[in-house]
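K.L.:
The structure under discussion is supplied below as structure tokens; questions concerning it will follow.
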Protein chains: 2
Amino acid sequence: MYLIDDVTKMTGLTKRALRYYEEIGLILPPQRTKGNARIYSEEEVKELKKVAEAKEVLGFSLQELQQFMSLKRMIEERSEQQGLSAKEITKIENLLENQIKMIEFKVVKMQAFKTELKEMRESAMEIHEKTKIKGEMKEWKDSIQITD
Amino acid sequence: MYLIDDVTKMTGLTKRALRYYEEIGLILPPQRTKGNARIYSEEEVKELKKVAEAKEVLGFSLQELQQFMSLKRMIEERSEQQGLSAKEITKIENLLENQIKMIEFKVVKMQAFKTELKEMRESAMEIHEKTKIKGEMKEWKDSIQITD
DNA sequence: TACATAGTTAACGTTAACGTTAATGTTAGA
DNA sequence: TCTAACATTAACGTTAACGTTAACTATGTA
């Protein structure tokens with residue numbers, strides 16, 4: 001069990017962000033101490049780490065993440081008991097399917113971007129070579145002018 | 001050559017966004033007609049498409065994209081003539097190297113996220129199966145109670 | 001007991017990335 | 001010549017995702 005200051009160190013999120021995520025319902029309200037301080041479980045910290053990563057690295061908005069979280073919770077809570085119809089589950093499956101496709105699409109785009117960056121690097125290296133040669137020529141010029 | 005309204009259709013960006021990108025220096029100011037209307041070249045439209053994609057798909061901020069654009073322009077303009085030192089070029093190469101690593105990192109994270117989504121889908125499918133069976137049991141129950 | 005160091009809520013402030021509106025100019029066609 | 005459909009700049013408005021500050025409470029230690 002961790003207090004909010006510990007969690008900031010473990011997740012990289014600020015206190016404000018943690019409270020904000022709770023406020024907008026992105027995460028479930030954690031338990032409290034008798035003195036009303038938030039206490040986060042190991043599980044909750046893990047979840048927060050993933051949320052932070054998905055936001056920073058994958059560039060998801062908090063709104064998008066809310067979708068995932070609610071889906072995740074529905075499945076985790078074995079929502080059959082809660083009474084989800086087969087149609088609703090099919091809907092969830094389709095949603096997940098689309099998200100998987102989206103990720104795959106993004107990965108393809110990422111790789112294309114990477115290729116571009118590599119090409120830029122090649123160009124830079126070429127320029128580098130040329131300036132190197134120019135530098136050597138200057139050195140050589142200097143060396144034949146100023147014969148010690 | 002395209003007017004701004006054409007470009008919105010080709011890139012998906014709004015007029016406001018196009019002017020804004022110019023305002024903050026993300027793109028170079030395009031030429032103008034005699035009546036002061038912006039005219040974009042094929043090249044500029046291509047660039048804008050890439051910018052839009054990098055923003056939407058890869059989740060880059062306009063600030064981050066400005067870095068890329070200036071790097072890109074430095075290299076395209078064969079900056080050797082402009083007088084870049086070997087050290088500066090090395091710096092650029094390192095920057096590009098880091099960005100390539102970053103992309104690779106993001107791709108790995110994306111794939112991990114995809115795996116999670118697939119697991120969620122599997123769980124959903126399991127639940128689906130169970131509710132299906134429940135539904136069939138109900139049908140069966142009904143059939144032995146109400147014998148037509 | 002007092003103080004330092006945690007925590008709390010509430011409310012206003014900030015930044016990015018535009019949206020929206022107003023007031024105005026240009027150009028092609030009836 | 002006038003109107004419709006474009007374009008322009010300038011300025012204020014909006015939303016997300018927090019930052020910051022204020023005013024207060026709880027807790028462990030000297």
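Ordering of the structure tokens sets the chain letters (A, B, ...); residue numbers start at 1 within each chain; ligands are numbered from 1 in the order shown.
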Applying 10 Å and only C-alpha atoms (C1' of nucleotides), which residues near stretch 11-25 of chain D remain after dropping the ones on its own chain fewer than 3 positions away? List them as a VMD selection string.

P.N.:
(chain A and resid 14 16 to 17 20 to 21 35 to 36 61 to 63) or (chain C and resid 7 to 22)

K.L.:
Output N, CA and C atoms (P, O5', C5', C4', C3', O3' and C1' of nucleotides) for every residue in that selection, as a compact mmCIF listing (two decimals), in the first residue's frame.

P.N.:
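In the end it all went to result_21.txt:
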```txt
# COMPACT_ATOMS: atom_id res chain seq x y z
N THR A 14 2.24 13.32 -11.59
CA THR A 14 2.19 14.25 -10.46
C THR A 14 0.97 13.94 -9.58
N ARG A 16 -1.25 16.05 -8.73
CA ARG A 16 -2.38 16.66 -9.41
C ARG A 16 -2.97 15.75 -10.46
N ALA A 17 -2.10 15.13 -11.23
CA ALA A 17 -2.55 14.23 -12.29
C ALA A 17 -3.30 13.04 -11.71
N TYR A 20 -6.57 14.10 -10.60
CA TYR A 20 -7.37 14.44 -11.78
C TYR A 20 -7.90 13.18 -12.47
N TYR A 21 -7.05 12.19 -12.60
CA TYR A 21 -7.47 10.93 -13.23
C TYR A 21 -8.62 10.30 -12.46
N GLY A 35 -7.33 9.16 8.25
CA GLY A 35 -7.14 10.61 8.09
C GLY A 35 -7.47 11.11 6.70
N ASN A 36 -8.15 10.30 5.91
CA ASN A 36 -8.64 10.68 4.57
C ASN A 36 -7.57 10.73 3.49
N SER A 61 -5.25 9.94 -25.72
CA SER A 61 -5.87 10.96 -24.87
C SER A 61 -6.52 10.26 -23.67
N LEU A 62 -6.79 11.02 -22.64
CA LEU A 62 -7.42 10.44 -21.46
C LEU A 62 -8.81 9.92 -21.80
N GLN A 63 -9.45 10.59 -22.71
CA GLN A 63 -10.77 10.11 -23.17
C GLN A 63 -10.68 8.72 -23.79
P DG C 7 2.16 12.92 0.43
O5' DG C 7 0.62 13.21 0.78
C5' DG C 7 -0.15 12.20 1.40
C4' DG C 7 -1.30 12.80 2.16
C3' DG C 7 -2.35 13.49 1.30
O3' DG C 7 -3.28 12.58 0.76
C1' DG C 7 -1.86 14.79 3.24
P DT C 8 -4.09 13.01 -0.52
O5' DT C 8 -5.14 14.09 0.02
C5' DT C 8 -6.08 13.71 1.03
C4' DT C 8 -6.96 14.88 1.39
C3' DT C 8 -7.60 15.60 0.21
O3' DT C 8 -8.82 14.96 -0.16
C1' DT C 8 -6.73 17.18 1.79
P DT C 9 -9.43 15.27 -1.57
O5' DT C 9 -10.09 16.71 -1.40
C5' DT C 9 -11.10 16.92 -0.42
C4' DT C 9 -11.48 18.39 -0.37
C3' DT C 9 -12.14 18.91 -1.64
O3' DT C 9 -13.29 19.68 -1.29
C1' DT C 9 -10.22 20.22 -1.13
P DA C 10 -14.29 20.09 -2.46
O5' DA C 10 -13.81 21.56 -2.79
C5' DA C 10 -13.38 22.42 -1.74
C4' DA C 10 -13.07 23.80 -2.30
C3' DA C 10 -13.73 24.08 -3.64
O3' DA C 10 -14.19 25.43 -3.65
C1' DA C 10 -11.38 24.25 -3.85
P DA C 11 -15.01 25.97 -4.91
O5' DA C 11 -13.96 26.96 -5.58
C5' DA C 11 -13.16 27.81 -4.75
C4' DA C 11 -12.08 28.46 -5.58
C3' DA C 11 -12.53 28.81 -7.01
O3' DA C 11 -12.02 30.08 -7.37
C1' DA C 11 -10.60 27.51 -7.07
P DC C 12 -12.74 30.93 -8.53
O5' DC C 12 -11.55 31.73 -9.20
C5' DC C 12 -10.45 32.20 -8.40
C4' DC C 12 -9.14 31.90 -9.10
C3' DC C 12 -9.11 32.32 -10.57
O3' DC C 12 -7.98 33.15 -10.78
C1' DC C 12 -8.28 30.14 -10.30
P DG C 13 -7.57 33.67 -12.23
O5' DG C 13 -6.37 32.69 -12.60
C5' DG C 13 -5.27 32.51 -11.68
C4' DG C 13 -4.09 31.93 -12.44
C3' DG C 13 -3.93 32.45 -13.86
O3' DG C 13 -2.53 32.57 -14.12
C1' DG C 13 -4.34 30.11 -13.92
P DT C 14 -2.01 32.98 -15.58
O5' DT C 14 -1.75 31.58 -16.30
C5' DT C 14 -0.84 30.65 -15.70
C4' DT C 14 -0.51 29.55 -16.70
C3' DT C 14 -0.35 30.02 -18.15
O3' DT C 14 0.84 29.46 -18.66
C1' DT C 14 -1.91 28.24 -18.03
P DT C 15 1.59 30.13 -19.91
O5' DT C 15 1.58 28.95 -20.98
C5' DT C 15 1.95 27.64 -20.57
C4' DT C 15 1.46 26.65 -21.61
C3' DT C 15 1.46 27.18 -23.04
O3' DT C 15 2.21 26.27 -23.85
C1' DT C 15 -0.63 26.21 -22.52
P DA C 16 2.43 26.60 -25.39
O5' DA C 16 1.60 25.44 -26.08
C5' DA C 16 1.65 24.13 -25.54
C4' DA C 16 0.67 23.24 -26.27
C3' DA C 16 0.68 23.38 -27.79
O3' DA C 16 0.44 22.11 -28.36
C1' DA C 16 -1.44 24.04 -26.97
P DA C 17 0.72 21.93 -29.91
O5' DA C 17 -0.73 22.12 -30.53
C5' DA C 17 -1.77 21.22 -30.13
C4' DA C 17 -3.09 21.69 -30.71
C3' DA C 17 -3.02 22.19 -32.16
O3' DA C 17 -4.13 21.68 -32.88
C1' DA C 17 -4.08 23.76 -30.83
P DC C 18 -4.00 21.61 -34.48
O5' DC C 18 -4.16 23.12 -35.01
C5' DC C 18 -5.41 23.58 -35.52
C4' DC C 18 -6.44 23.72 -34.43
C3' DC C 18 -7.77 24.28 -34.91
O3' DC C 18 -8.75 23.27 -34.98
C1' DC C 18 -7.08 25.24 -32.82
P DG C 19 -10.07 23.59 -35.86
O5' DG C 19 -10.97 24.48 -34.88
C5' DG C 19 -11.64 23.88 -33.78
C4' DG C 19 -12.79 24.76 -33.29
C3' DG C 19 -13.76 25.23 -34.38
O3' DG C 19 -15.08 25.25 -33.81
C1' DG C 19 -12.72 27.12 -33.39
P DT C 20 -16.33 25.62 -34.73
O5' DT C 20 -16.50 27.19 -34.47
C5' DT C 20 -16.37 27.70 -33.15
C4' DT C 20 -16.64 29.20 -33.15
C3' DT C 20 -17.52 29.71 -34.30
O3' DT C 20 -18.55 30.50 -33.74
C1' DT C 20 -15.51 30.97 -34.20
P DT C 21 -19.78 31.05 -34.68
O5' DT C 21 -19.46 32.62 -34.72
C5' DT C 21 -18.92 33.24 -33.55
C4' DT C 21 -18.42 34.63 -33.91
C3' DT C 21 -19.18 35.33 -35.03
O3' DT C 21 -19.58 36.62 -34.57
C1' DT C 21 -16.86 35.42 -35.44
P DA C 22 -20.53 37.54 -35.52
O5' DA C 22 -19.50 38.69 -35.90
C5' DA C 22 -18.56 39.16 -34.92
C4' DA C 22 -17.62 40.16 -35.55
C3' DA C 22 -18.26 41.01 -36.65
O3' DA C 22 -17.82 42.36 -36.51
C1' DA C 22 -16.38 39.89 -37.51
```

K.L.:
Report the residues of stretch 1-139 of chain B whose backbone DSSP state falls under alpha helix (DSSP H), written as a short mmCIF file (atom, residue, chain, number, x, y, z; two decimals) with N, CA and C atoms, in the first residue's frame.

P.N.:
```
data_model
loop_
_atom_site.label_atom_id
_atom_site.label_comp_id
_atom_site.auth_asym_id
_atom_site.auth_seq_id
_atom_site.Cartn_x
_atom_site.Cartn_y
_atom_site.Cartn_z
N ILE B 4 -6.27 27.34 -50.66
CA ILE B 4 -6.35 26.76 -49.31
C ILE B 4 -7.49 25.78 -49.14
N ASP B 5 -8.60 26.06 -49.84
CA ASP B 5 -9.75 25.18 -49.69
C ASP B 5 -9.48 23.80 -50.30
N ASP B 6 -8.71 23.77 -51.36
CA ASP B 6 -8.32 22.48 -51.95
C ASP B 6 -7.46 21.70 -50.97
N VAL B 7 -6.57 22.43 -50.34
CA VAL B 7 -5.60 21.78 -49.45
C VAL B 7 -6.29 21.16 -48.24
N THR B 8 -7.35 21.82 -47.76
CA THR B 8 -8.09 21.24 -46.63
C THR B 8 -8.65 19.88 -47.02
N LYS B 9 -9.15 19.79 -48.26
CA LYS B 9 -9.73 18.52 -48.71
C LYS B 9 -8.65 17.46 -48.90
N MET B 10 -7.48 17.88 -49.32
CA MET B 10 -6.41 16.93 -49.59
C MET B 10 -5.70 16.45 -48.32
N THR B 11 -5.69 17.28 -47.31
CA THR B 11 -4.92 16.94 -46.10
C THR B 11 -5.81 16.60 -44.90
N LYS B 15 -8.65 25.13 -42.56
CA LYS B 15 -7.98 26.35 -42.98
C LYS B 15 -7.26 26.99 -41.80
N ARG B 16 -7.97 27.02 -40.69
CA ARG B 16 -7.38 27.60 -39.48
C ARG B 16 -6.07 26.93 -39.12
N ALA B 17 -6.07 25.60 -39.20
CA ALA B 17 -4.87 24.84 -38.86
C ALA B 17 -3.74 25.17 -39.83
N LEU B 18 -4.05 25.25 -41.10
CA LEU B 18 -3.03 25.54 -42.11
C LEU B 18 -2.39 26.90 -41.84
N ARG B 19 -3.23 27.90 -41.55
CA ARG B 19 -2.70 29.23 -41.27
C ARG B 19 -1.92 29.23 -39.97
N TYR B 20 -2.43 28.44 -39.04
CA TYR B 20 -1.75 28.36 -37.74
C TYR B 20 -0.37 27.73 -37.88
N TYR B 21 -0.27 26.66 -38.65
CA TYR B 21 1.01 25.99 -38.85
C TYR B 21 2.02 26.95 -39.48
N GLU B 22 1.50 27.79 -40.35
CA GLU B 22 2.37 28.79 -40.97
C GLU B 22 2.79 29.84 -39.94
N GLU B 23 1.81 30.23 -39.15
CA GLU B 23 2.03 31.27 -38.14
C GLU B 23 3.14 30.89 -37.15
N GLU B 42 2.46 21.28 -54.98
CA GLU B 42 2.29 19.84 -54.76
C GLU B 42 3.19 19.37 -53.61
N GLU B 43 4.41 19.85 -53.63
CA GLU B 43 5.39 19.51 -52.60
C GLU B 43 4.90 19.89 -51.21
N GLU B 44 4.38 21.12 -51.13
CA GLU B 44 3.91 21.61 -49.83
C GLU B 44 2.73 20.80 -49.32
N VAL B 45 1.87 20.40 -50.25
CA VAL B 45 0.72 19.57 -49.85
C VAL B 45 1.21 18.23 -49.32
N LYS B 46 2.20 17.67 -50.00
CA LYS B 46 2.77 16.39 -49.55
C LYS B 46 3.30 16.51 -48.13
N GLU B 47 4.04 17.58 -47.93
CA GLU B 47 4.63 17.82 -46.61
C GLU B 47 3.54 17.95 -45.55
N LEU B 48 2.50 18.69 -45.89
CA LEU B 48 1.39 18.88 -44.96
C LEU B 48 0.68 17.57 -44.65
N LYS B 49 0.57 16.72 -45.64
CA LYS B 49 -0.03 15.40 -45.41
C LYS B 49 0.78 14.62 -44.38
N LYS B 50 2.07 14.68 -44.55
CA LYS B 50 2.95 13.96 -43.61
C LYS B 50 2.86 14.55 -42.21
N VAL B 51 2.80 15.86 -42.16
CA VAL B 51 2.67 16.52 -40.86
C VAL B 51 1.38 16.08 -40.17
N ALA B 52 0.29 16.10 -40.93
CA ALA B 52 -1.01 15.72 -40.36
C ALA B 52 -0.95 14.28 -39.85
N GLU B 53 -0.34 13.42 -40.63
CA GLU B 53 -0.25 12.01 -40.25
C GLU B 53 0.60 11.83 -38.99
N ALA B 54 1.73 12.50 -38.99
CA ALA B 54 2.64 12.38 -37.84
C ALA B 54 1.96 12.86 -36.57
N LYS B 55 1.10 13.84 -36.73
CA LYS B 55 0.40 14.37 -35.57
C LYS B 55 -0.71 13.41 -35.11
N GLU B 56 -1.56 13.03 -36.05
CA GLU B 56 -2.70 12.19 -35.72
C GLU B 56 -2.25 10.80 -35.30
N LEU B 62 3.11 19.69 -32.18
CA LEU B 62 3.60 20.59 -33.22
C LEU B 62 5.02 21.04 -32.91
N GLN B 63 5.32 21.17 -31.65
CA GLN B 63 6.68 21.53 -31.24
C GLN B 63 7.69 20.48 -31.69
N GLU B 64 7.35 19.22 -31.41
CA GLU B 64 8.24 18.13 -31.82
C GLU B 64 8.41 18.12 -33.32
N LEU B 65 7.31 18.35 -34.02
CA LEU B 65 7.37 18.33 -35.48
C LEU B 65 8.22 19.47 -36.02
N GLN B 66 8.23 20.57 -35.31
CA GLN B 66 9.08 21.68 -35.75
C GLN B 66 10.55 21.28 -35.77
N GLN B 67 10.95 20.50 -34.80
CA GLN B 67 12.32 20.01 -34.77
C GLN B 67 12.64 19.24 -36.04
N PHE B 68 11.76 18.29 -36.36
CA PHE B 68 11.95 17.47 -37.55
C PHE B 68 12.03 18.33 -38.80
N MET B 69 11.09 19.25 -38.89
CA MET B 69 11.02 20.07 -40.10
C MET B 69 12.29 20.88 -40.29
N SER B 70 12.79 21.43 -39.21
CA SER B 70 13.99 22.25 -39.36
C SER B 70 15.19 21.37 -39.71
N LEU B 71 15.24 20.21 -39.11
CA LEU B 71 16.29 19.25 -39.47
C LEU B 71 16.19 18.89 -40.95
N LYS B 72 14.97 18.55 -41.33
CA LYS B 72 14.72 18.15 -42.72
C LYS B 72 15.17 19.24 -43.68
N ARG B 73 14.81 20.48 -43.34
CA ARG B 73 15.15 21.59 -44.21
C ARG B 73 16.66 21.83 -44.28
N MET B 74 17.30 21.68 -43.15
CA MET B 74 18.75 21.84 -43.13
C MET B 74 19.41 20.85 -44.07
N ILE B 75 18.95 19.64 -44.05
CA ILE B 75 19.54 18.61 -44.89
C ILE B 75 19.17 18.81 -46.35
N GLU B 76 17.89 19.13 -46.57
CA GLU B 76 17.43 19.33 -47.95
C GLU B 76 18.16 20.48 -48.63
N ALA B 86 31.38 20.38 -38.92
CA ALA B 86 31.31 18.93 -38.76
C ALA B 86 30.67 18.56 -37.43
N LYS B 87 30.97 19.36 -36.44
CA LYS B 87 30.41 19.10 -35.11
C LYS B 87 28.89 19.22 -35.11
N GLU B 88 28.42 20.27 -35.80
CA GLU B 88 26.97 20.48 -35.87
C GLU B 88 26.29 19.33 -36.60
N ILE B 89 26.95 18.87 -37.64
CA ILE B 89 26.38 17.74 -38.40
C ILE B 89 26.36 16.49 -37.53
N THR B 90 27.40 16.29 -36.78
CA THR B 90 27.43 15.15 -35.85
C THR B 90 26.27 15.24 -34.87
N LYS B 91 26.01 16.44 -34.41
CA LYS B 91 24.91 16.67 -33.48
C LYS B 91 23.58 16.26 -34.13
N ILE B 92 23.42 16.66 -35.38
CA ILE B 92 22.20 16.31 -36.12
C ILE B 92 22.09 14.80 -36.26
N GLU B 93 23.21 14.17 -36.60
CA GLU B 93 23.20 12.72 -36.75
C GLU B 93 22.78 12.03 -35.45
N ASN B 94 23.28 12.53 -34.36
CA ASN B 94 22.93 11.95 -33.07
C ASN B 94 21.44 12.15 -32.76
N LEU B 95 20.95 13.34 -33.05
CA LEU B 95 19.53 13.62 -32.85
C LEU B 95 18.67 12.63 -33.63
N LEU B 96 19.04 12.44 -34.89
CA LEU B 96 18.29 11.50 -35.72
C LEU B 96 18.39 10.09 -35.16
N GLU B 97 19.57 9.73 -34.74
CA GLU B 97 19.79 8.41 -34.15
C GLU B 97 18.86 8.19 -32.96
N ASN B 98 18.78 9.19 -32.11
CA ASN B 98 17.91 9.10 -30.94
C ASN B 98 16.44 8.97 -31.33
N GLN B 99 16.05 9.73 -32.33
CA GLN B 99 14.66 9.66 -32.78
C GLN B 99 14.34 8.28 -33.33
N ILE B 100 15.29 7.70 -34.04
CA ILE B 100 15.08 6.35 -34.58
C ILE B 100 14.91 5.35 -33.44
N LYS B 101 15.73 5.50 -32.42
CA LYS B 101 15.62 4.63 -31.25
C LYS B 101 14.26 4.81 -30.58
N MET B 102 13.84 6.07 -30.48
CA MET B 102 12.55 6.37 -29.86
C MET B 102 11.41 5.67 -30.60
N ILE B 103 11.46 5.74 -31.91
CA ILE B 103 10.42 5.10 -32.71
C ILE B 103 10.42 3.60 -32.44
N GLU B 104 11.61 3.02 -32.43
CA GLU B 104 11.72 1.58 -32.18
C GLU B 104 11.13 1.23 -30.81
N PHE B 105 11.42 2.07 -29.85
CA PHE B 105 10.87 1.88 -28.49
C PHE B 105 9.36 1.92 -28.51
N LYS B 106 8.84 2.92 -29.20
CA LYS B 106 7.39 3.07 -29.28
C LYS B 106 6.75 1.86 -29.95
N VAL B 107 7.40 1.38 -30.99
CA VAL B 107 6.84 0.21 -31.70
C VAL B 107 6.76 -0.98 -30.76
N VAL B 108 7.81 -1.18 -29.97
CA VAL B 108 7.80 -2.29 -29.01
C VAL B 108 6.64 -2.14 -28.03
N LYS B 109 6.47 -0.93 -27.53
CA LYS B 109 5.39 -0.67 -26.58
C LYS B 109 4.02 -0.90 -27.23
N MET B 110 3.93 -0.48 -28.46
CA MET B 110 2.69 -0.67 -29.20
C MET B 110 2.35 -2.15 -29.30
N GLN B 111 3.36 -2.94 -29.60
CA GLN B 111 3.11 -4.37 -29.76
C GLN B 111 2.70 -5.01 -28.44
N ALA B 112 3.28 -4.51 -27.35
CA ALA B 112 2.90 -5.02 -26.03
C ALA B 112 1.44 -4.68 -25.76
N PHE B 113 1.08 -3.48 -26.12
CA PHE B 113 -0.30 -3.04 -25.92
C PHE B 113 -1.25 -3.89 -26.77
N LYS B 114 -0.82 -4.19 -27.96
CA LYS B 114 -1.62 -5.02 -28.85
C LYS B 114 -1.85 -6.40 -28.23
N THR B 115 -0.80 -6.94 -27.65
CA THR B 115 -0.92 -8.24 -26.99
C THR B 115 -1.98 -8.19 -25.89
N GLU B 116 -1.95 -7.11 -25.13
CA GLU B 116 -2.95 -6.95 -24.07
C GLU B 116 -4.36 -6.92 -24.62
N LEU B 117 -4.52 -6.18 -25.69
CA LEU B 117 -5.83 -6.09 -26.32
C LEU B 117 -6.30 -7.46 -26.80
N LYS B 118 -5.36 -8.22 -27.34
CA LYS B 118 -5.72 -9.56 -27.81
C LYS B 118 -6.16 -10.44 -26.65
N GLU B 119 -5.48 -10.30 -25.53
CA GLU B 119 -5.87 -11.08 -24.34
C GLU B 119 -7.27 -10.70 -23.90
N MET B 120 -7.53 -9.40 -23.92
CA MET B 120 -8.87 -8.94 -23.56
C MET B 120 -9.91 -9.54 -24.50
N ARG B 121 -9.56 -9.59 -25.76
CA ARG B 121 -10.49 -10.15 -26.74
C ARG B 121 -10.76 -11.63 -26.45
N GLU B 122 -9.69 -12.34 -26.08
CA GLU B 122 -9.85 -13.76 -25.75
C GLU B 122 -10.81 -13.93 -24.58
N SER B 123 -10.60 -13.09 -23.55
CA SER B 123 -11.48 -13.14 -22.38
C SER B 123 -12.92 -12.88 -22.78
N ALA B 124 -13.08 -11.88 -23.61
CA ALA B 124 -14.43 -11.54 -24.07
C ALA B 124 -15.06 -12.71 -24.81
N MET B 125 -14.25 -13.39 -25.61
CA MET B 125 -14.78 -14.52 -26.38
C MET B 125 -15.18 -15.67 -25.45
N GLU B 126 -14.41 -15.84 -24.39
CA GLU B 126 -14.76 -16.88 -23.42
C GLU B 126 -16.12 -16.59 -22.79
N ILE B 127 -16.26 -15.35 -22.35
CA ILE B 127 -17.53 -14.94 -21.75
C ILE B 127 -18.66 -15.13 -22.74
N HIS B 128 -18.38 -14.77 -23.95
CA HIS B 128 -19.36 -14.91 -25.01
C HIS B 128 -19.85 -16.36 -25.10
N GLU B 129 -18.88 -17.28 -25.10
CA GLU B 129 -19.22 -18.71 -25.19
C GLU B 129 -20.14 -19.12 -24.05
N LYS B 130 -19.77 -18.66 -22.86
CA LYS B 130 -20.56 -19.05 -21.68
C LYS B 130 -21.99 -18.54 -21.77
N THR B 131 -22.12 -17.26 -22.14
CA THR B 131 -23.47 -16.71 -22.22
C THR B 131 -24.27 -17.41 -23.31
N LYS B 132 -23.57 -17.82 -24.34
CA LYS B 132 -24.21 -18.57 -25.41
C LYS B 132 -24.81 -19.86 -24.86
N ILE B 133 -23.97 -20.57 -24.08
CA ILE B 133 -24.42 -21.83 -23.50
C ILE B 133 -25.62 -21.60 -22.59
N LYS B 134 -25.51 -20.53 -21.80
CA LYS B 134 -26.63 -20.18 -20.92
C LYS B 134 -27.90 -19.97 -21.74
N GLY B 135 -27.73 -19.25 -22.83
CA GLY B 135 -28.87 -18.99 -23.71
C GLY B 135 -29.46 -20.27 -24.25
N GLU B 136 -28.58 -21.20 -24.62
CA GLU B 136 -29.06 -22.47 -25.16
C GLU B 136 -29.79 -23.27 -24.10
N MET B 137 -29.26 -23.20 -22.86
CA MET B 137 -29.92 -23.91 -21.76
C MET B 137 -31.32 -23.37 -21.53
N LYS B 138 -31.42 -22.03 -21.66
CA LYS B 138 -32.73 -21.41 -21.48
C LYS B 138 -33.71 -21.90 -22.56
N GLU B 139 -33.21 -21.94 -23.76
CA GLU B 139 -34.04 -22.42 -24.86
C GLU B 139 -34.50 -23.85 -24.60
#
```

K.L.:
As an exercise, work out the distance from atom CA of B:Ile146 to atom CA of A:Ser85 in Å and give it to one decimal place.

P.N.:
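Straight-line distance from atom CA of B:Ile146 to atom CA of A:Ser85 works out to 23.9 Å.
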
K.L.:
Select all residues from chain D having any atom no more than 12 Å from an atom of chain B (counting only C-alpha atoms (C1' of nucleotides), ignoring ligands), output as a ChimeraX atom specification.

P.N.:
/D:5-9

K.L.:
Generate the output file for the selected residues, N, CA and C atoms (P, O5', C5', C4', C3', O3' and C1' of nucleotides), as a PDB file, in the first residue's frame.

P.N.:
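The file below, part-v2.pdb, is the result:
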```pdb
ATOM      1  P    DA D   5     -23.165  30.465 -53.306  1.00  0.00           P
ATOM      2  O5'  DA D   5     -21.585  30.315 -53.399  1.00  0.00           O
ATOM      3  C5'  DA D   5     -20.945  30.262 -54.677  1.00  0.00           C
ATOM      4  C4'  DA D   5     -19.438  30.476 -54.490  1.00  0.00           C
ATOM      5  C3'  DA D   5     -18.868  29.787 -53.234  1.00  0.00           C
ATOM      6  O3'  DA D   5     -17.679  29.084 -53.586  1.00  0.00           O
ATOM      7  C1'  DA D   5     -18.223  32.023 -53.300  1.00  0.00           C
ATOM      8  P    DC D   6     -17.162  27.896 -52.618  1.00  0.00           P
ATOM      9  O5'  DC D   6     -15.572  28.088 -52.559  1.00  0.00           O
ATOM     10  C5'  DC D   6     -15.019  28.977 -51.605  1.00  0.00           C
ATOM     11  C4'  DC D   6     -14.116  29.960 -52.320  1.00  0.00           C
ATOM     12  C3'  DC D   6     -12.966  30.464 -51.460  1.00  0.00           C
ATOM     13  O3'  DC D   6     -11.870  29.580 -51.570  1.00  0.00           O
ATOM     14  C1'  DC D   6     -14.067  32.281 -52.497  1.00  0.00           C
ATOM     15  P    DA D   7     -10.999  29.313 -50.260  1.00  0.00           P
ATOM     16  O5'  DA D   7     -10.311  30.734 -49.971  1.00  0.00           O
ATOM     17  C5'  DA D   7      -9.226  31.159 -50.782  1.00  0.00           C
ATOM     18  C4'  DA D   7      -8.950  32.641 -50.571  1.00  0.00           C
ATOM     19  C3'  DA D   7      -8.430  33.016 -49.178  1.00  0.00           C
ATOM     20  O3'  DA D   7      -7.023  32.841 -49.110  1.00  0.00           O
ATOM     21  C1'  DA D   7     -10.076  34.558 -49.925  1.00  0.00           C
ATOM     22  P    DT D   8      -6.343  32.716 -47.677  1.00  0.00           P
ATOM     23  O5'  DT D   8      -6.407  34.200 -47.094  1.00  0.00           O
ATOM     24  C5'  DT D   8      -5.720  35.254 -47.776  1.00  0.00           C
ATOM     25  C4'  DT D   8      -5.983  36.582 -47.078  1.00  0.00           C
ATOM     26  C3'  DT D   8      -5.668  36.599 -45.591  1.00  0.00           C
ATOM     27  O3'  DT D   8      -4.302  36.894 -45.389  1.00  0.00           O
ATOM     28  C1'  DT D   8      -7.774  37.657 -46.032  1.00  0.00           C
ATOM     29  P    DT D   9      -3.633  36.501 -44.015  1.00  0.00           P
ATOM     30  O5'  DT D   9      -4.136  37.642 -43.030  1.00  0.00           O
ATOM     31  C5'  DT D   9      -3.871  39.004 -43.317  1.00  0.00           C
ATOM     32  C4'  DT D   9      -4.575  39.902 -42.323  1.00  0.00           C
ATOM     33  C3'  DT D   9      -4.081  39.740 -40.881  1.00  0.00           C
ATOM     34  O3'  DT D   9      -3.878  41.042 -40.325  1.00  0.00           O
ATOM     35  C1'  DT D   9      -6.443  39.384 -40.993  1.00  0.00           C
TER      36       DT D   9
END
```

K.L.:
Pick out the residues sitting within 12 Å of D:DA30, and hand them over as number ranges by chain; count only C-alpha atoms (C1' of nucleotides), and ignore anything fewer than 5 positions along from it in its own chain.

P.N.:
C: 1-4

K.L.:
Would you export the selected residues with C-alpha atoms (C1' of nucleotides) as a PDB file, in the first residue's frame, please?

P.N.:
```pdb
ATOM      1  C1'  DT C   1       3.606  21.059  22.747  1.00  0.00           C
ATOM      2  C1'  DA C   2       5.339  22.665  18.653  1.00  0.00           C
ATOM      3  C1'  DC C   3       6.938  22.140  14.236  1.00  0.00           C
ATOM      4  C1'  DA C   4       8.121  19.846   9.954  1.00  0.00           C
TER       5       DA C   4
END
```

K.L.:
Of the candidates A:Leu13, A:Leu26, A:Ile39, A:Met1, which one gets nearest to chain C if we count only C-alpha atoms (C1' of nucleotides)?

P.N.:
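Once distances to chain C are computed over only C-alpha atoms (C1' of nucleotides), the minimum belongs to A:Ile39.
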
K.L.:
Rank nothing, just name the residue among B:Gln145, B:Leu84, B:Ile24, B:Trp140 nearest to chain A, using only C-alpha atoms.

P.N.:
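That would be B:Leu84, the residue with the smallest distance to chain A.
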
K.L.:
Using the chain letters and numbers from this document, which residues of stretch 8-145 of chain B does DSSP assign to strand (DSSP E), as a ChimeraX atom specification?

P.N.:
/B:31-32,38-39

K.L.:
With C-alpha atoms kept, could you save the residues just selected as a CSV table (one decimal), in the first residue's frame?

P.N.:
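Final output, again32.csv:
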```
chain,number,residue,atom,x,y,z
B,31,GLN,CA,3.4,31.9,-52.3
B,32,ARG,CA,0.5,34.3,-52.8
B,38,ARG,CA,-2.1,31.5,-50.5
B,39,ILE,CA,-1.1,29.0,-53.2
```
